[in-house]
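This is input01.csv. It holds CSV, C-alpha atoms.
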chain,number,residue,atom,x,y,z
S,213,MET,CA,9.1,-17.0,-28.2
S,214,THR,CA,5.4,-17.7,-28.9
S,215,ASP,CA,6.1,-21.1,-30.3
S,216,THR,CA,7.8,-22.0,-27.0
S,217,GLN,CA,4.7,-21.3,-25.0
S,218,PRO,CA,2.3,-24.2,-25.7
S,219,TRP,CA,1.1,-23.9,-22.1
S,220,ALA,CA,-0.2,-20.5,-22.9
S,221,ASP,CA,-2.7,-22.0,-25.3
S,222,GLU,CA,-3.8,-24.4,-22.6
S,223,ILE,CA,-4.3,-21.5,-20.2
S,224,PHE,CA,-6.3,-19.6,-22.8
S,225,ASP,CA,-8.7,-22.6,-23.2
S,226,VAL,CA,-9.1,-22.7,-19.4
S,227,LEU,CA,-9.9,-19.0,-19.2
S,228,LYS,CA,-12.5,-19.4,-22.0
S,229,GLN,CA,-14.0,-22.4,-20.2
S,230,ALA,CA,-14.2,-20.3,-17.1
S,231,ASP,CA,-16.2,-17.7,-19.0
S,232,VAL,CA,-13.6,-14.9,-18.5
S,233,ARG,CA,-14.5,-11.9,-20.6
S,234,GLN,CA,-12.1,-9.2,-19.6
S,235,VAL,CA,-8.4,-9.6,-19.9
S,236,ALA,CA,-6.4,-6.7,-18.3
S,237,TYR,CA,-2.7,-6.8,-18.7
S,238,VAL,CA,0.6,-5.0,-18.5
S,239,PRO,CA,2.8,-6.8,-21.2
S,240,ASP,CA,5.3,-9.3,-20.1
S,241,ALA,CA,7.4,-11.6,-22.3
S,242,GLY,CA,6.0,-14.6,-20.5
S,243,HIS,CA,2.5,-13.6,-21.4
S,244,ILE,CA,3.1,-12.8,-25.1
S,245,ARG,CA,1.2,-15.8,-26.4
S,246,LEU,CA,-1.8,-15.5,-24.0
S,247,ILE,CA,-2.2,-11.8,-24.7
S,248,GLU,CA,-2.1,-12.4,-28.5
S,249,ARG,CA,-4.7,-15.2,-28.2
S,250,SER,CA,-6.9,-12.9,-26.1
S,251,GLN,CA,-6.6,-10.0,-28.5
S,252,ASN,CA,-7.5,-12.2,-31.4
S,253,ASP,CA,-10.7,-13.5,-29.8
S,254,PRO,CA,-13.6,-11.1,-30.6
S,255,THR,CA,-15.6,-12.3,-27.5
S,256,LEU,CA,-12.9,-11.0,-25.1
S,257,LYS,CA,-12.2,-7.5,-24.1
S,258,THR,CA,-8.5,-7.0,-23.7
S,259,ILE,CA,-7.4,-3.9,-21.7
S,260,ALA,CA,-3.9,-2.7,-21.8
S,261,LEU,CA,-2.9,-0.9,-18.6
S,262,THR,CA,-0.4,1.8,-17.8
S,263,THR,CA,0.2,0.2,-14.4
S,264,GLU,CA,-1.0,-3.0,-12.9
S,265,GLU,CA,-3.1,-1.4,-10.1
S,266,GLU,CA,-5.5,-0.2,-12.8
S,267,GLY,CA,-6.3,-3.9,-13.4
S,268,ILE,CA,-7.6,-4.4,-9.9
S,269,GLY,CA,-10.2,-1.7,-10.3
S,270,ILE,CA,-11.2,-3.1,-13.7
S,271,ILE,CA,-11.6,-6.6,-12.4
S,272,ALA,CA,-13.8,-5.3,-9.6
S,273,GLY,CA,-15.9,-3.2,-11.9
S,274,ALA,CA,-16.3,-6.2,-14.3
S,275,TRP,CA,-17.6,-8.3,-11.5
S,276,LEU,CA,-20.0,-5.5,-10.4
S,277,GLY,CA,-21.3,-5.6,-14.0
S,278,GLY,CA,-21.7,-9.4,-14.1
S,279,GLU,CA,-18.5,-10.3,-16.0
S,280,ARG,CA,-15.4,-12.3,-15.0
S,281,GLY,CA,-11.9,-10.8,-15.5
S,282,VAL,CA,-8.3,-11.9,-15.2
S,283,LEU,CA,-5.2,-9.7,-14.6
S,284,LEU,CA,-2.0,-10.7,-16.4
S,285,MET,CA,1.2,-9.2,-15.1
S,286,GLN,CA,4.8,-9.7,-14.2
S,287,SER,CA,5.9,-10.2,-10.6
S,288,SER,CA,7.3,-6.6,-10.4
S,289,GLY,CA,3.7,-5.4,-11.1
S,290,VAL,CA,2.4,-7.1,-7.9
S,291,GLY,CA,4.2,-4.4,-6.0
S,292,ASN,CA,2.2,-1.7,-7.8
S,293,CYS,CA,-1.1,-3.3,-6.7
S,294,ILE,CA,-0.8,-3.5,-3.0
S,295,ASN,CA,-3.2,-0.8,-1.7
S,296,MET,CA,-5.7,-1.5,-4.5
S,297,LEU,CA,-5.9,-5.1,-3.3
S,298,ALA,CA,-7.5,-3.8,-0.1
S,299,MET,CA,-10.7,-3.4,-2.2
S,300,ILE,CA,-10.6,-7.0,-3.3
S,301,GLN,CA,-10.3,-8.2,0.2
S,302,GLU,CA,-12.8,-5.8,1.8
S,303,CYS,CA,-15.5,-6.3,-0.8
S,304,ARG,CA,-14.7,-10.0,-1.3
S,305,PHE,CA,-14.4,-9.6,-5.0
S,306,PRO,CA,-13.6,-12.8,-6.9
S,307,PHE,CA,-10.1,-12.1,-8.3
S,308,LEU,CA,-7.8,-14.1,-10.6
S,309,THR,CA,-4.3,-13.0,-11.6
S,310,LEU,CA,-1.6,-14.9,-13.5
S,311,VAL,CA,1.8,-13.6,-12.5
S,312,THR,CA,4.9,-14.4,-14.6
S,313,MET,CA,7.8,-14.5,-12.2
S,314,ARG,CA,11.1,-12.6,-12.4
S,315,GLY,CA,13.9,-12.4,-9.8
S,316,GLN,CA,13.5,-16.0,-8.9
S,317,TRP,CA,14.9,-18.9,-11.0
S,318,GLY,CA,18.2,-18.0,-12.7
S,319,GLU,CA,17.5,-14.3,-12.8
S,320,PHE,CA,20.3,-12.2,-14.3
S,321,ASN,CA,19.0,-8.7,-13.5
S,322,PRO,CA,19.7,-8.0,-9.8
S,323,TRP,CA,17.0,-5.2,-9.8
S,324,GLN,CA,14.3,-7.8,-10.4
S,325,VAL,CA,15.2,-9.9,-7.4
S,326,PRO,CA,13.7,-7.9,-4.5
S,327,MET,CA,10.2,-7.8,-5.9
S,328,GLY,CA,10.4,-11.3,-7.3
S,329,GLN,CA,11.3,-12.6,-3.8
S,330,GLY,CA,8.7,-10.4,-2.3
S,331,THR,CA,5.8,-11.4,-4.6
S,332,LYS,CA,4.4,-14.3,-2.7
S,333,PRO,CA,4.6,-12.8,0.8
S,334,VAL,CA,3.2,-9.5,-0.4
S,335,LEU,CA,0.2,-11.2,-2.0
S,336,GLU,CA,-0.4,-13.4,1.0
S,337,ASN,CA,-0.2,-10.4,3.3
S,338,MET,CA,-3.0,-8.8,1.3
S,339,GLY,CA,-5.2,-11.8,1.6
S,340,ILE,CA,-4.6,-13.4,-1.8
S,341,ILE,CA,-4.4,-17.2,-2.1
S,342,VAL,CA,-1.1,-17.9,-3.9
S,343,GLN,CA,-0.5,-21.0,-6.0
S,344,PRO,CA,3.0,-21.2,-7.4
S,345,VAL,CA,3.6,-23.5,-10.4
S,346,ASP,CA,7.1,-24.8,-11.3
S,347,THR,CA,6.4,-27.1,-14.3
S,348,ALA,CA,4.5,-26.6,-17.5
S,349,ASP,CA,2.6,-29.8,-17.3
S,350,THR,CA,0.7,-28.7,-14.1
S,351,LEU,CA,0.1,-25.1,-15.2
S,352,ALA,CA,-3.2,-25.4,-17.0
S,353,GLU,CA,-4.8,-27.6,-14.2
S,354,THR,CA,-3.6,-25.1,-11.6
S,355,VAL,CA,-5.1,-22.2,-13.5
S,356,ASP,CA,-8.3,-24.2,-13.9
S,357,ALA,CA,-8.4,-24.9,-10.1
S,358,ALA,CA,-7.6,-21.2,-9.4
S,359,ALA,CA,-10.4,-20.0,-11.6
S,360,ARG,CA,-12.9,-22.3,-9.7
S,361,LEU,CA,-11.6,-21.0,-6.4
S,362,ALA,CA,-11.9,-17.4,-7.6
S,363,PHE,CA,-15.3,-17.5,-9.4
S,364,ASP,CA,-17.1,-20.3,-7.7
S,365,ALA,CA,-15.8,-19.9,-4.2
S,366,TYR,CA,-15.5,-16.1,-4.4
S,367,ARG,CA,-11.9,-15.9,-3.5
S,368,ALA,CA,-8.8,-13.9,-4.6
S,369,VAL,CA,-6.2,-16.2,-6.2
S,370,ALA,CA,-2.8,-15.6,-7.8
S,371,VAL,CA,-1.1,-18.2,-9.9
S,372,LEU,CA,2.7,-17.6,-10.0
S,373,ILE,CA,4.3,-18.9,-13.2
S,374,SER,CA,7.9,-19.8,-12.5
S,375,GLN,CA,10.8,-18.5,-14.5
S,376,ARG,CA,11.6,-22.2,-14.8
S,377,ILE,CA,8.6,-22.5,-17.1
S,378,ILE,CA,9.1,-19.3,-19.0
S,379,GLY,CA,12.8,-19.8,-19.5
S,380,PHE,CA,15.9,-17.8,-18.7
S,381,LYS,CA,16.4,-14.2,-19.8
S,382,ASN,CA,19.9,-13.3,-20.7
S,383,TRP,CA,22.0,-10.3,-21.5
S,384,GLY,CA,21.3,-9.4,-25.1
S,385,ASP,CA,17.7,-10.6,-25.1
S,386,ASP,CA,15.4,-8.0,-26.6
S,387,GLN,CA,14.0,-6.8,-23.3
S,388,PRO,CA,15.6,-6.2,-19.9
E,241,MET,CA,-16.5,42.1,-12.5
E,242,THR,CA,-16.4,38.3,-12.3
E,243,SER,CA,-13.8,36.4,-14.3
E,244,ARG,CA,-14.6,33.1,-15.8
E,245,ARG,CA,-12.2,31.4,-13.5
E,246,ASP,CA,-13.8,32.5,-10.2
E,247,ILE,CA,-15.0,29.4,-8.4
E,248,THR,CA,-18.5,29.7,-6.9
E,249,LEU,CA,-20.2,26.3,-7.2
E,250,ASP,CA,-21.0,24.3,-4.2
E,251,ARG,CA,-20.0,20.6,-4.4
E,252,ARG,CA,-23.2,19.3,-2.7
E,253,ALA,CA,-25.4,21.3,-5.0
E,254,VAL,CA,-23.4,20.2,-8.1
E,255,VAL,CA,-23.5,16.5,-7.3
E,256,ALA,CA,-27.2,16.7,-6.4
E,257,ARG,CA,-27.9,18.4,-9.7
E,258,ILE,CA,-26.1,15.9,-11.7
E,259,LEU,CA,-27.7,12.9,-9.9
E,260,ARG,CA,-31.1,14.4,-10.3
E,261,ASP,CA,-31.1,13.2,-13.9
E,262,ARG,CA,-29.4,9.9,-13.3
E,263,GLY,CA,-32.3,7.7,-14.5
E,264,ASP,CA,-30.9,4.1,-14.6
E,265,ALA,CA,-27.3,5.2,-14.7
E,266,LEU,CA,-24.8,3.2,-12.5
E,267,LEU,CA,-22.6,5.3,-10.2
E,268,VAL,CA,-19.1,4.7,-8.8
E,269,THR,CA,-17.7,7.3,-6.4
E,270,GLY,CA,-14.1,7.9,-5.3
E,271,LEU,CA,-13.1,7.8,-1.6
E,272,GLY,CA,-13.7,10.8,0.6
E,273,SER,CA,-15.8,13.8,-0.3
E,274,THR,CA,-17.4,12.5,-3.5
E,275,THR,CA,-18.7,9.5,-1.6
E,276,TRP,CA,-20.2,11.8,1.0
E,277,ASP,CA,-21.6,14.0,-1.7
E,278,ALA,CA,-23.4,11.1,-3.4
E,279,ALA,CA,-24.7,9.9,0.0
E,280,ALA,CA,-26.0,13.4,0.7
E,281,ALA,CA,-27.9,13.3,-2.6
E,282,GLY,CA,-29.6,10.1,-1.5
E,283,ASP,CA,-28.3,6.6,-1.1
E,284,HIS,CA,-29.1,4.3,-4.0
E,285,THR,CA,-28.7,0.6,-4.7
E,286,ASN,CA,-27.1,1.5,-8.1
E,287,ASN,CA,-24.3,3.3,-6.2
E,288,PHE,CA,-20.9,1.7,-5.5
E,289,TYR,CA,-18.9,3.8,-3.1
E,290,LEU,CA,-15.2,3.5,-2.8
E,291,TRP,CA,-14.0,4.1,0.8
E,292,GLY,CA,-10.4,3.3,-0.1
E,293,ALA,CA,-8.5,2.2,-3.1
E,294,MET,CA,-7.5,5.7,-3.9
E,295,GLY,CA,-7.0,6.3,-7.6
E,296,GLY,CA,-9.2,3.3,-8.5
E,297,ALA,CA,-12.7,4.8,-9.0
E,298,ALA,CA,-12.4,5.5,-12.8
E,299,MET,CA,-11.0,2.0,-13.3
E,300,VAL,CA,-13.9,0.4,-11.5
E,301,GLY,CA,-16.1,2.5,-13.8
E,302,LEU,CA,-14.2,1.2,-16.8
E,303,GLY,CA,-14.6,-2.5,-15.9
E,304,LEU,CA,-18.3,-1.9,-15.2
E,305,ALA,CA,-18.8,0.1,-18.4
E,306,LEU,CA,-17.2,-2.7,-20.5
E,307,ALA,CA,-19.4,-5.3,-18.7
E,308,GLN,CA,-22.6,-3.3,-19.1
E,309,PRO,CA,-22.3,-1.5,-22.5
E,310,GLN,CA,-26.1,-0.8,-22.7
E,311,ARG,CA,-26.0,1.2,-19.4
E,312,ARG,CA,-24.6,4.6,-18.7
E,313,VAL,CA,-21.8,4.4,-16.1
E,314,LEU,CA,-21.0,7.5,-14.2
E,315,VAL,CA,-17.9,8.0,-12.1
E,316,ILE,CA,-17.9,10.9,-9.7
E,317,THR,CA,-14.6,11.4,-8.0
E,318,GLY,CA,-12.3,14.1,-6.6
E,319,ASP,CA,-9.3,15.9,-8.1
E,320,GLY,CA,-6.9,14.3,-5.7
E,321,GLU,CA,-8.3,10.8,-6.3
E,322,GLN,CA,-8.1,11.2,-10.1
E,323,LEU,CA,-4.6,12.6,-9.9
E,324,MET,CA,-3.5,9.4,-8.2
E,325,GLY,CA,-4.9,7.5,-11.3
E,326,LEU,CA,-3.7,9.7,-14.1
E,327,GLY,CA,-2.6,6.7,-16.2
E,328,GLY,CA,-6.1,5.4,-16.1
E,329,ILE,CA,-7.2,8.4,-18.2
E,330,ALA,CA,-5.0,7.1,-21.0
E,331,THR,CA,-6.3,3.5,-20.5
E,332,ILE,CA,-9.9,4.7,-20.7
E,333,ALA,CA,-9.1,6.8,-23.8
E,334,VAL,CA,-7.7,3.7,-25.5
E,335,GLN,CA,-10.7,1.6,-24.7
E,336,ARG,CA,-13.1,4.4,-25.7
E,337,PRO,CA,-16.2,3.1,-23.8
E,338,SER,CA,-19.1,5.0,-25.3
E,339,ASN,CA,-21.1,4.6,-22.1
E,340,LEU,CA,-18.6,5.9,-19.6
E,341,SER,CA,-18.7,9.4,-18.1
E,342,LEU,CA,-16.1,10.7,-15.6
E,343,VAL,CA,-17.0,13.7,-13.4
E,344,VAL,CA,-14.2,15.2,-11.3
E,345,ILE,CA,-15.4,17.4,-8.5
E,346,ASP,CA,-12.4,19.7,-8.3
E,347,ASN,CA,-11.9,21.8,-5.2
E,348,GLU,CA,-8.1,21.9,-5.8
E,349,SER,CA,-7.6,20.4,-2.3
E,350,TYR,CA,-7.2,17.1,-0.4
E,351,GLY,CA,-10.3,17.4,1.7
E,352,GLU,CA,-9.9,14.4,4.0
E,353,THR,CA,-6.4,15.3,5.1
E,354,GLY,CA,-6.5,18.9,6.0
E,355,MET,CA,-7.2,20.8,2.7
E,356,GLN,CA,-3.7,20.7,1.3
E,357,ASP,CA,-3.3,21.9,-2.3
E,358,THR,CA,-3.6,19.4,-5.1
E,359,HIS,CA,-1.8,19.9,-8.4
E,360,THR,CA,-4.9,21.4,-9.9
E,361,LYS,CA,-4.5,24.3,-7.6
E,362,HIS,CA,-1.2,25.0,-9.3
E,363,GLY,CA,-2.5,24.8,-12.9
E,364,VAL,CA,-2.6,21.2,-13.7
E,365,ASP,CA,-5.6,20.9,-16.1
E,366,LEU,CA,-7.3,17.5,-15.8
E,367,ALA,CA,-9.7,18.2,-18.6
E,368,GLY,CA,-6.8,19.1,-20.8
E,369,ILE,CA,-5.1,15.9,-19.9
E,370,ALA,CA,-8.3,13.9,-20.9
E,371,THR,CA,-8.5,15.9,-24.1
E,372,ALA,CA,-4.9,15.1,-24.9
E,373,ALA,CA,-5.4,11.4,-24.1
E,374,GLY,CA,-8.2,11.2,-26.6
E,375,PHE,CA,-11.5,11.4,-24.7
E,376,ALA,CA,-14.5,12.0,-27.0
E,377,ARG,CA,-15.4,15.1,-25.0
E,378,SER,CA,-13.7,16.9,-22.1
E,379,THR,CA,-14.6,20.2,-20.5
E,380,THR,CA,-14.2,22.3,-17.3
E,381,VAL,CA,-17.4,23.8,-15.7
E,382,TYR,CA,-17.2,26.9,-13.6
E,383,ASN,CA,-20.8,28.1,-13.2
E,384,ASP,CA,-24.5,27.1,-13.2
E,385,ASP,CA,-25.1,27.7,-16.9
E,386,GLU,CA,-22.2,25.5,-17.8
E,387,LEU,CA,-23.3,22.9,-15.3
E,388,GLU,CA,-26.8,22.8,-16.8
E,389,ALA,CA,-25.3,22.4,-20.3
E,390,SER,CA,-23.0,19.6,-19.2
E,391,VAL,CA,-25.7,17.4,-17.6
E,392,PRO,CA,-27.2,16.1,-20.8
E,393,VAL,CA,-23.7,15.6,-22.2
E,394,ILE,CA,-22.7,13.6,-19.1
E,395,TYR,CA,-25.7,11.2,-19.6
E,396,GLN,CA,-26.3,11.2,-23.3
E,397,GLN,CA,-23.3,12.0,-25.5
E,398,THR,CA,-21.1,9.3,-26.9
E,399,GLY,CA,-18.3,8.7,-24.4
E,400,PRO,CA,-15.9,8.6,-22.9
E,401,ILE,CA,-16.8,12.0,-21.5
E,402,PHE,CA,-14.7,13.9,-19.0
E,403,THR,CA,-16.2,16.7,-17.0
E,404,VAL,CA,-14.3,18.7,-14.4
E,405,VAL,CA,-16.5,20.8,-12.1
E,406,LYS,CA,-14.6,23.5,-10.2
E,407,VAL,CA,-16.1,23.8,-6.7
E,408,THR,CA,-15.4,25.9,-3.6
E,409,THR,CA,-13.8,24.6,-0.5
E,410,THR,CA,-16.8,25.5,1.7
E,411,PRO,CA,-17.1,22.6,4.2
E,412,ALA,CA,-20.0,20.3,3.9
E,413,ALA,CA,-21.3,17.9,6.5
E,414,THR,CA,-19.9,14.4,6.3
E,415,VAL,CA,-22.8,12.1,5.2
E,416,LEU,CA,-21.9,8.5,5.5
E,417,PRO,CA,-23.4,5.8,3.2
E,418,PRO,CA,-23.0,2.1,4.0
E,419,ARG,CA,-19.3,1.2,4.3
E,420,ASP,CA,-19.1,-2.6,4.4
E,421,GLY,CA,-17.5,-3.4,1.1
E,422,ALA,CA,-19.0,-6.9,0.7
E,423,TYR,CA,-22.4,-5.5,1.4
E,424,LEU,CA,-22.0,-2.6,-1.1
E,425,LYS,CA,-20.8,-5.0,-3.8
E,426,ASN,CA,-23.6,-7.5,-3.2
E,427,ARG,CA,-26.2,-4.8,-3.0
E,428,PHE,CA,-25.1,-3.3,-6.3
E,429,ARG,CA,-25.1,-6.7,-8.1
E,430,GLN,CA,-28.5,-7.6,-6.7
E,431,SER,CA,-29.8,-4.3,-8.0
E,432,LEU,CA,-28.2,-4.6,-11.4
E,433,LEU,CA,-28.2,-8.3,-12.1
E,434,ARG,CA,-31.2,-9.5,-10.1
E,435,GLY,CA,-31.4,-13.3,-10.1
E,436,LYS,CA,-27.9,-13.6,-11.7
E,437,ALA,CA,-26.3,-11.8,-8.8
E,438,ALA,CA,-25.8,-14.9,-6.8
E,439,GLU,CA,-24.3,-17.0,-9.6

What's the structure tokens form of this structure?
Amino acid sequence: MTDTQPWADEIFDVLKQADVRQVAYVPDAGHIRLIERSQNDPTLKTIALTTEEEGIGIIAGAWLGGERGVLLMQSSGVGNCINMLAMIQECRFPFLTLVTMRGQWGEFNPWQVPMGQGTKPVLENMGIIVQPVDTADTLAETVDAAARLAFDAYRAVAVLISQRIIGFKNWGDDQP
Amino acid sequence: MTSRRDITLDRRAVVARILRDRGDALLVTGLGSTTWDAAAAGDHTNNFYLWGAMGGAAMVGLGLALAQPQRRVLVITGDGEQLMGLGGIATIAVQRPSNLSLVVIDNESYGETGMQDTHTKHGVDLAGIATAAGFARSTTVYNDDELEASVPVIYQQTGPIFTVVKVTTTPAATVLPPRDGAYLKNRFRQSLLRGKAAE
């Protein structure tokens, strides 16, 4: 799986360039490579979460303390964040999240579809700028642009990484 | 005869006592009563008050503690607020920030919504949960002597520290600190980061 995510290395370089120091995440197969790269970098603090909304508070706290953070999650986790995102909007915290999509392109698990289809409108309703990406070759530049929008222009930005990039999941894969 | 579990401490007196020794500690408060408690003890530019985002106070404290490892970070929140973020106790325990101290002002009630019982009223032991998660130190305080003993622990011992203070439900006046979130964020960063706050 990790060998099939060369784009994750490009994203990692972009996050390093943007001086991101805290990487909060709930694991997702689509983020395997990026999480591994982050864990192996001693200058980064990687924070595993029990639920995605914890990451909102952590990113806010990091900014209060002068550090930049990023939240890595799957689209289902976006639903867990909704009320916590009020703090991002009300305080105008810079916020960057990279969301790997489910329930979207060739999904096989019907239970993933409602939140996958709801991800973009839910984020937009909570004041987040949403930038979907469908092809691997534009992913790194979109994350770079999103990081600038977040940290230089003090905005909340979500990059949605399409299932088209991550690849299909099928019955019999090691995770549902 | 007074049993150890009798609850006599007043929340305002407890928070004022803890903050009296704050020094240069950074403070995050949870929405509702603990934000009013901190305001009543005296507004401070090193305070970041949550007026919403219930369940998030300890996590804001964690991100701040990781970003500022040389500063003591104190989170003061309520039992209801912390119960909404129970998973965060495990997340903090795994990170083991040595400079983070959580204080739960536990009146066993949801104060802003009509004093309904929280789970701590029915035996849920937040300090026990923090111990089981792996906090460096976790305790429940019932009286003034225990409170006095806990204050140096809160500020000086290697964290993460978890302190539950059982307090009465005696009503206290609502004391409102500033509530504009962007203002509170910028004020806090200006106080902490000085010239770098506007970067």

Residues of chain S that have any atom at most 10 Å from an atom of chain E: could you tabulate them with the shortest-distance atom pair and the distance in Å to one decimal, using all atoms listed in the file, ordered by chain and increasing number, as CSV?
residue,atom,partner,partner_atom,distance
S:Arg233,CA,E:Ala307,CA,8.4
S:Gln234,CA,E:Gly303,CA,8.1
S:Ala236,CA,E:Gly303,CA,9.5
S:Lys257,CA,E:Leu306,CA,7.8
S:Thr258,CA,E:Gln335,CA,8.9
S:Ile259,CA,E:Gln335,CA,7.1
S:Ala260,CA,E:Thr331,CA,6.8
S:Leu261,CA,E:Thr331,CA,5.9
S:Thr262,CA,E:Gly327,CA,5.6
S:Thr263,CA,E:Gly327,CA,7.3
S:Glu265,CA,E:Gly296,CA,7.9
S:Glu266,CA,E:Met299,CA,5.9
S:Gly267,CA,E:Met299,CA,7.5
S:Ile268,CA,E:Gly296,CA,8.0
S:Gly269,CA,E:Val300,CA,4.4
S:Ile270,CA,E:Gly303,CA,4.1
S:Ile271,CA,E:Gly303,CA,6.2
S:Ala272,CA,E:Val300,CA,6.0
S:Gly273,CA,E:Val300,CA,4.1
S:Ala274,CA,E:Gly303,CA,4.4
S:Trp275,CA,E:Leu304,CA,7.4
S:Leu276,CA,E:Arg429,CA,5.7
S:Gly277,CA,E:Leu304,CA,4.9
S:Gly278,CA,E:Ala307,CA,6.6
S:Glu279,CA,E:Ala307,CA,5.8
S:Arg280,CA,E:Ala307,CA,8.9
S:Gly281,CA,E:Gly303,CA,8.7
S:Cys293,CA,E:Ala293,CA,9.9
S:Ile294,CA,E:Ala293,CA,9.6
S:Asn295,CA,E:Ala293,CA,6.2
S:Met296,CA,E:Ala293,CA,4.8
S:Leu297,CA,E:Ala293,CA,7.8
S:Ala298,CA,E:Ala293,CA,6.8
S:Met299,CA,E:Ala293,CA,6.1
S:Ile300,CA,E:Gly421,CA,8.9
S:Gln301,CA,E:Gly421,CA,8.7
S:Glu302,CA,E:Gly421,CA,5.3
S:Cys303,CA,E:Ala422,CA,3.9
S:Arg304,CA,E:Ala422,CA,5.7
S:Phe305,CA,E:Ala422,CA,7.8
S:Phe363,CA,E:Glu439,CA,9.0
S:Asp364,CA,E:Glu439,CA,8.1

Legend entry - Residue contacts of Arg376 in chain S (12 Å, only C-alpha atoms) excluding same-chain residues fewer than 6 positions away, as a VMD selection string: chain S and resid 242 312 to 319 344 to 348 351

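In this comparison, which uses only C-alpha atoms, the residue of E:Asn347, E:Thr398, E:Asn287, E:Thr403 approaching Ser378 in chain E most closely is E:Thr403.
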
Inset, instruction - May I have the residues within 7 Å of range 255-257 of chain E as number ranges by chain, using all atoms listed in the file and disregarding those fewer than 6 positions away in the same chain? - result: E: 277-278, 281

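With distances restricted to all atoms listed in the file, E:Pro400 is the closest residue to Leu340 in chain E from E:Thr409, E:Pro400, E:Thr317, E:Leu267.
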
Legend entry - Atom-to-atom span, CA of Pro239 in chain S and CA of Met285 in chain S, Å: 6.7 Å

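Between CA of Phe375 in chain E and CA of Arg252 in chain E lies a distance of 26.1 Å.
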
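When only C-alpha atoms are used to measure the gap to Glu264 in chain S, the shortest distance among S:Val290, S:Leu372, S:Val282, S:Ile340 belongs to S:Val290.
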
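Take CA of Glu222 in chain S and CA of Asp356 in chain S: the distance between them is 9.8 Å.
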
Edge lengths and centre, in Å to one decimal, as JSON: that's what I need for the box along x, y and z that holds all listed atoms of range 331-335 of chain S plus 6 Å on each side.
{"center_x": 3.0, "center_y": -11.9, "center_z": -1.9, "size_x": 17.6, "size_y": 16.8, "size_z": 17.4}

Inset, instruction - Quick one: everything within 12 Å of Asp221 in chain S, counting all atoms listed in the file, minus sequence neighbours fewer than 2 positions away in the same chain. Send it as a ChimeraX atom specification. - result: /S:214-219,223-228,243-250,348,351-352

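For Leu366 in chain E, the list of residues within 10 Å, based on all atoms listed in the file and with local chain neighbours fewer than 2 positions off taken out, reads Asp319, Gln322, Leu323, Leu326, Ile329, Val344, Asp346, His359, Thr360, Gly363, Val364, Gly368, Ile369, Ala370, Thr371, Ala372, Ser378, Thr379, Thr380, Phe402, Thr403 and Val404 of chain E.
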
Could I see range 302-314 of chain S restored to N, CA and C atoms, set down as an mmCIF file, in the coordinates of the input?
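Writing done, so here's part-v3.cif:
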data_model
loop_
_atom_site.group_PDB
_atom_site.id
_atom_site.type_symbol
_atom_site.label_atom_id
_atom_site.label_comp_id
_atom_site.auth_asym_id
_atom_site.auth_seq_id
_atom_site.Cartn_x
_atom_site.Cartn_y
_atom_site.Cartn_z
ATOM 1 N N GLU S 302 -11.668 -6.360 1.052
ATOM 2 C CA GLU S 302 -12.800 -5.800 1.800
ATOM 3 C C GLU S 302 -14.127 -6.077 1.192
ATOM 4 N N CYS S 303 -14.184 -6.060 -0.131
ATOM 5 C CA CYS S 303 -15.500 -6.300 -0.800
ATOM 6 C C CYS S 303 -15.665 -7.776 -1.153
ATOM 7 N N ARG S 304 -14.655 -8.588 -0.892
ATOM 8 C CA ARG S 304 -14.700 -10.000 -1.300
ATOM 9 C C ARG S 304 -15.013 -10.183 -2.737
ATOM 10 N N PHE S 305 -14.277 -9.438 -3.575
ATOM 11 C CA PHE S 305 -14.400 -9.600 -5.000
ATOM 12 C C PHE S 305 -13.702 -10.909 -5.420
ATOM 13 N N PRO S 306 -14.313 -11.734 -6.267
ATOM 14 C CA PRO S 306 -13.600 -12.800 -6.900
ATOM 15 C C PRO S 306 -12.424 -12.190 -7.709
ATOM 16 N N PHE S 307 -11.255 -12.776 -7.655
ATOM 17 C CA PHE S 307 -10.100 -12.100 -8.300
ATOM 18 C C PHE S 307 -9.135 -13.226 -8.766
ATOM 19 N N LEU S 308 -8.762 -13.180 -10.024
ATOM 20 C CA LEU S 308 -7.800 -14.100 -10.600
ATOM 21 C C LEU S 308 -6.691 -13.374 -11.273
ATOM 22 N N THR S 309 -5.460 -13.642 -10.883
ATOM 23 C CA THR S 309 -4.300 -13.000 -11.600
ATOM 24 C C THR S 309 -3.297 -14.120 -11.895
ATOM 25 N N LEU S 310 -2.713 -14.000 -13.080
ATOM 26 C CA LEU S 310 -1.600 -14.900 -13.500
ATOM 27 C C LEU S 310 -0.361 -14.094 -13.556
ATOM 28 N N VAL S 311 0.586 -14.456 -12.721
ATOM 29 C CA VAL S 311 1.800 -13.600 -12.500
ATOM 30 C C VAL S 311 2.997 -14.402 -13.087
ATOM 31 N N THR S 312 3.651 -13.838 -14.079
ATOM 32 C CA THR S 312 4.900 -14.400 -14.600
ATOM 33 C C THR S 312 6.034 -13.913 -13.695
ATOM 34 N N MET S 313 6.847 -14.835 -13.222
ATOM 35 C CA MET S 313 7.800 -14.500 -12.200
ATOM 36 C C MET S 313 9.149 -13.993 -12.828
ATOM 37 N N ARG S 314 9.739 -13.030 -12.153
ATOM 38 C CA ARG S 314 11.100 -12.600 -12.400
ATOM 39 C C ARG S 314 11.816 -12.651 -11.011
#
